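Notes for the one structure printed next.
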Amino acid sequence: MSLIDQINADLKAAMLARDDFTVTTLRGLKSAIAYEEIAQNKRETGLSDDEVENVVIKEVKKRDDALKIYVKAGDHERASREDREWKILDKYFPEQLSYEETKDLIATVIAENNFTAKDFGRIVGAAKKRAGNATTGERISNVLKQEFFK
C-alpha cells in the first residue's frame, strides 16, 4: 500500500469514527500534498512515496516549530493542539536512523571522501544525500559536532 493510500484509508477511518480533529489534520496534509503535486506538475500522475514523505517531513517540521514557539510564549492550548497534530502526522514520518547509524553513516562519508573539519558543510550535505529522508541535516550536524569535531 502506498503512503497516499494509507493516508486516504486513515482519513476514511477517522471520518467514520467522527474524529474531527484527525479528519481536519489529514485533510490539511492531503491539501499540502495536492499543492506539491501542482507545484511539480504531477497532478495527473501523483507523487511518489518519497515525494509524499518530503511533504510529511515539511508538515511535521511546521508543527514542531510552532509547538516550540507556543511553549516559549506560554500558550499551552495552542501548543497542545500542535502536539496532537504532530502525533497524527508522525505516523507517516519516515523511519529515522538511530544515533549510532547516523554516526556510522558520517564516518563512512568522511572516510570515502577524505573530508576534514573544514569540510563540515560538505560532510553534512553528502551524508544527507546518502541518507535521504532517513535523517535530517540538523541531526547529522549535531552528531558530527558531538562525535567528530568536539
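Residue numbering restarts at 1 in every chain; chains get A, B, ... in the order shown in the C-alpha cells, and ligands count up from 1 in that same order.
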
Practice item. Mind listing the helix (DSSP H, G or I) residues of segment 13-120 of chain A, per DSSP on the backbone, as a PyMOL selection string? Key: chain A and resi 13-16+20-39+49-73+76-90+99-113+117-120

Practice item. Do a neighbour search on Tyr92 of chain A at 10 Å with only C-alpha atoms, toss out local chain neighbours closer than 6 positions, and write the hits as a ChimeraX atom specification. Key: /A:3-4,6-7,52-53,56-57,60

Point to revise | Between atom CA of Phe93 of chain A and atom CA of Asn133 of chain A - distance in Å to one decimal | key: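 It comes out at 8.9 Å.
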
Point to revise | Contact residues around Ser98 of chain A with only C-alpha atoms at 10 Å, ignoring same-chain residues under 6 positions, as JSON, numbers by chain | key: {"A": [104, 134, 135]}

**Study point:** Residue nearest Ser31 of chain A among A:Thr102, A:Asn8, A:Thr108, A:Asn142 (counting only C-alpha atoms)
**Key:**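 Distance minimum relative to Ser31 of chain A lands on A:Asn8.
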
**Study point:** One-decimal distance in Å that lies between atom CA of Leu105 of chain A and atom CA of Gly137 of chain A
**Key:**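 So the answer is 12.5 Å.
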
Within 10 Å of Asn54 of chain A using only C-alpha atoms, minus same-chain residues under 4 positions, as a PDB file with all heavy atoms, in the first residue's frame:
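What follows is the written file around.pdb:
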```
ATOM      1  N   ILE A  33      -0.162  17.953   0.083  1.00  0.00           N
ATOM      2  CA  ILE A  33       0.276  17.019  -0.968  1.00  0.00           C
ATOM      3  C   ILE A  33      -0.232  17.484  -2.329  1.00  0.00           C
ATOM      4  O   ILE A  33       0.506  17.478  -3.315  1.00  0.00           O
ATOM      5  CB  ILE A  33      -0.182  15.584  -0.643  1.00  0.00           C
ATOM      6  CG1 ILE A  33       0.575  15.053   0.579  1.00  0.00           C
ATOM      7  CG2 ILE A  33       0.010  14.657  -1.841  1.00  0.00           C
ATOM      8  CD1 ILE A  33       0.005  13.779   1.169  1.00  0.00           C
ATOM      9  N   GLU A  36       1.788  20.330  -3.603  1.00  0.00           N
ATOM     10  CA  GLU A  36       3.091  19.856  -4.093  1.00  0.00           C
ATOM     11  C   GLU A  36       2.943  19.196  -5.464  1.00  0.00           C
ATOM     12  O   GLU A  36       3.799  19.354  -6.335  1.00  0.00           O
ATOM     13  CB  GLU A  36       3.727  18.902  -3.087  1.00  0.00           C
ATOM     14  CG  GLU A  36       5.149  18.524  -3.424  1.00  0.00           C
ATOM     15  CD  GLU A  36       6.126  19.682  -3.398  1.00  0.00           C
ATOM     16  OE1 GLU A  36       5.873  20.705  -2.724  1.00  0.00           O
ATOM     17  OE2 GLU A  36       7.170  19.571  -4.065  1.00  0.00           O
ATOM     18  N   SER A  48       5.425  10.338  -5.832  1.00  0.00           N
ATOM     19  CA  SER A  48       5.963   9.061  -5.365  1.00  0.00           C
ATOM     20  C   SER A  48       5.927   9.048  -3.838  1.00  0.00           C
ATOM     21  O   SER A  48       5.731  10.088  -3.200  1.00  0.00           O
ATOM     22  CB  SER A  48       7.407   8.889  -5.847  1.00  0.00           C
ATOM     23  OG  SER A  48       8.245   9.824  -5.193  1.00  0.00           O
ATOM     24  N   ASP A  49       6.140   7.890  -3.249  1.00  0.00           N
ATOM     25  CA  ASP A  49       6.157   7.797  -1.784  1.00  0.00           C
ATOM     26  C   ASP A  49       7.250   8.693  -1.183  1.00  0.00           C
ATOM     27  O   ASP A  49       7.039   9.320  -0.142  1.00  0.00           O
ATOM     28  CB  ASP A  49       6.347   6.351  -1.323  1.00  0.00           C
ATOM     29  CG  ASP A  49       5.034   5.581  -1.230  1.00  0.00           C
ATOM     30  OD1 ASP A  49       3.957   6.192  -1.426  1.00  0.00           O
ATOM     31  OD2 ASP A  49       5.080   4.376  -0.957  1.00  0.00           O
ATOM     32  N   ASP A  50       8.400   8.764  -1.827  1.00  0.00           N
ATOM     33  CA  ASP A  50       9.480   9.623  -1.329  1.00  0.00           C
ATOM     34  C   ASP A  50       9.066  11.094  -1.351  1.00  0.00           C
ATOM     35  O   ASP A  50       9.366  11.847  -0.425  1.00  0.00           O
ATOM     36  CB  ASP A  50      10.753   9.444  -2.151  1.00  0.00           C
ATOM     37  CG  ASP A  50      11.486   8.151  -1.839  1.00  0.00           C
ATOM     38  OD1 ASP A  50      11.190   7.542  -0.783  1.00  0.00           O
ATOM     39  OD2 ASP A  50      12.337   7.748  -2.648  1.00  0.00           O
ATOM     40  N   LYS A  58       7.974  18.192   5.882  1.00  0.00           N
ATOM     41  CA  LYS A  58       7.747  19.643   5.971  1.00  0.00           C
ATOM     42  C   LYS A  58       6.611  19.962   6.934  1.00  0.00           C
ATOM     43  O   LYS A  58       6.705  20.900   7.730  1.00  0.00           O
ATOM     44  CB  LYS A  58       7.422  20.217   4.585  1.00  0.00           C
ATOM     45  CG  LYS A  58       8.594  20.284   3.652  1.00  0.00           C
ATOM     46  CD  LYS A  58       8.157  20.805   2.291  1.00  0.00           C
ATOM     47  CE  LYS A  58       9.227  20.628   1.252  1.00  0.00           C
ATOM     48  NZ  LYS A  58       8.762  20.995  -0.098  1.00  0.00           N
ATOM     49  N   GLU A  59       5.536  19.193   6.854  1.00  0.00           N
ATOM     50  CA  GLU A  59       4.378  19.436   7.714  1.00  0.00           C
ATOM     51  C   GLU A  59       4.711  19.153   9.181  1.00  0.00           C
ATOM     52  O   GLU A  59       4.291  19.893  10.068  1.00  0.00           O
ATOM     53  CB  GLU A  59       3.179  18.608   7.256  1.00  0.00           C
ATOM     54  CG  GLU A  59       2.624  19.033   5.905  1.00  0.00           C
ATOM     55  CD  GLU A  59       2.126  20.469   5.887  1.00  0.00           C
ATOM     56  OE1 GLU A  59       1.317  20.831   6.766  1.00  0.00           O
ATOM     57  OE2 GLU A  59       2.546  21.231   4.994  1.00  0.00           O
ATOM     58  N   VAL A  60       5.460  18.102   9.444  1.00  0.00           N
ATOM     59  CA  VAL A  60       5.857  17.785  10.818  1.00  0.00           C
ATOM     60  C   VAL A  60       6.776  18.878  11.350  1.00  0.00           C
ATOM     61  O   VAL A  60       6.651  19.313  12.496  1.00  0.00           O
ATOM     62  CB  VAL A  60       6.522  16.388  10.900  1.00  0.00           C
ATOM     63  CG1 VAL A  60       7.211  16.171  12.237  1.00  0.00           C
ATOM     64  CG2 VAL A  60       5.493  15.297  10.649  1.00  0.00           C
ATOM     65  N   PHE A  93       5.685   9.752   9.056  1.00  0.00           N
ATOM     66  CA  PHE A  93       7.065  10.217   9.013  1.00  0.00           C
ATOM     67  C   PHE A  93       7.973   9.025   8.738  1.00  0.00           C
ATOM     68  O   PHE A  93       7.810   7.966   9.331  1.00  0.00           O
ATOM     69  CB  PHE A  93       7.413  10.854  10.365  1.00  0.00           C
ATOM     70  CG  PHE A  93       8.561  11.804  10.331  1.00  0.00           C
ATOM     71  CD1 PHE A  93       8.411  13.058   9.790  1.00  0.00           C
ATOM     72  CD2 PHE A  93       9.791  11.460  10.855  1.00  0.00           C
ATOM     73  CE1 PHE A  93       9.461  13.962   9.768  1.00  0.00           C
ATOM     74  CE2 PHE A  93      10.852  12.340  10.843  1.00  0.00           C
ATOM     75  CZ  PHE A  93      10.680  13.600  10.294  1.00  0.00           C
ATOM     76  N   PRO A  94       8.939   9.161   7.837  1.00  0.00           N
ATOM     77  CA  PRO A  94       9.824   8.029   7.539  1.00  0.00           C
ATOM     78  C   PRO A  94      10.628   7.622   8.769  1.00  0.00           C
ATOM     79  O   PRO A  94      10.979   8.454   9.596  1.00  0.00           O
ATOM     80  CB  PRO A  94      10.737   8.568   6.435  1.00  0.00           C
ATOM     81  CG  PRO A  94      10.597  10.039   6.463  1.00  0.00           C
ATOM     82  CD  PRO A  94       9.281  10.359   7.083  1.00  0.00           C
ATOM     83  N   GLY A 132      18.967  10.280   2.586  1.00  0.00           N
ATOM     84  CA  GLY A 132      17.630  10.600   2.089  1.00  0.00           C
ATOM     85  C   GLY A 132      16.745  11.113   3.215  1.00  0.00           C
ATOM     86  O   GLY A 132      17.163  11.952   4.009  1.00  0.00           O
ATOM     87  N   ASN A 133      15.534  10.568   3.307  1.00  0.00           N
ATOM     88  CA  ASN A 133      14.586  11.007   4.325  1.00  0.00           C
ATOM     89  C   ASN A 133      14.776  10.298   5.665  1.00  0.00           C
ATOM     90  O   ASN A 133      13.999  10.498   6.587  1.00  0.00           O
ATOM     91  CB  ASN A 133      13.154  10.777   3.841  1.00  0.00           C
ATOM     92  CG  ASN A 133      12.776  11.707   2.714  1.00  0.00           C
ATOM     93  OD1 ASN A 133      13.317  12.795   2.598  1.00  0.00           O
ATOM     94  ND2 ASN A 133      11.854  11.286   1.882  1.00  0.00           N
TER      95      ASN A 133
END
```

Practice item. Excluding Leu11 of chain A and residues on its chain fewer than 2 positions from it, collect all residues at most 12 Å away from it, counting only C-alpha atoms, and give them as a PyMOL selection string. Key: chain A and resi 4-9+13-30+88-89

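Between atom CA of Ala34 of chain A and atom CA of Glu51 of chain A the separation is 11.5 Å.
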
Check your understanding: Can you tell me, as a list in words, what residues are no more than 12 Å from Ala66 of chain A when counting only C-alpha atoms, ignoring any on the same chain fewer than 5 positions away?
Key -> Glu59, Val60, Lys61, Val71, Lys72, Ala73, Asp75, His76, Arg78, Ala79, Ser80, Arg81, Glu82, Asp83, Glu85 and Trp86 of chain A

Go ahead and dump the residues you just picked, C-alpha atoms, as a compact mmCIF listing (two decimals), in the first residue's frame.
```txt
# COMPACT_ATOMS: atom_id res chain seq x y z
CA GLU A 59 4.38 19.44 7.71
CA VAL A 60 5.86 17.78 10.82
CA LYS A 61 8.61 20.41 10.93
CA VAL A 71 5.57 26.71 24.55
CA LYS A 72 8.05 29.58 24.74
CA ALA A 73 5.17 32.08 24.63
CA ASP A 75 0.28 29.43 25.08
CA HIS A 76 -0.33 25.89 26.27
CA ARG A 78 -2.14 26.09 21.04
CA ALA A 79 0.95 24.09 21.96
CA SER A 80 -1.27 21.14 22.85
CA ARG A 81 -3.08 21.40 19.52
CA GLU A 82 0.19 21.45 17.58
CA ASP A 83 1.43 18.47 19.61
CA GLU A 85 -1.36 17.28 15.08
CA TRP A 86 2.33 16.35 15.23
```
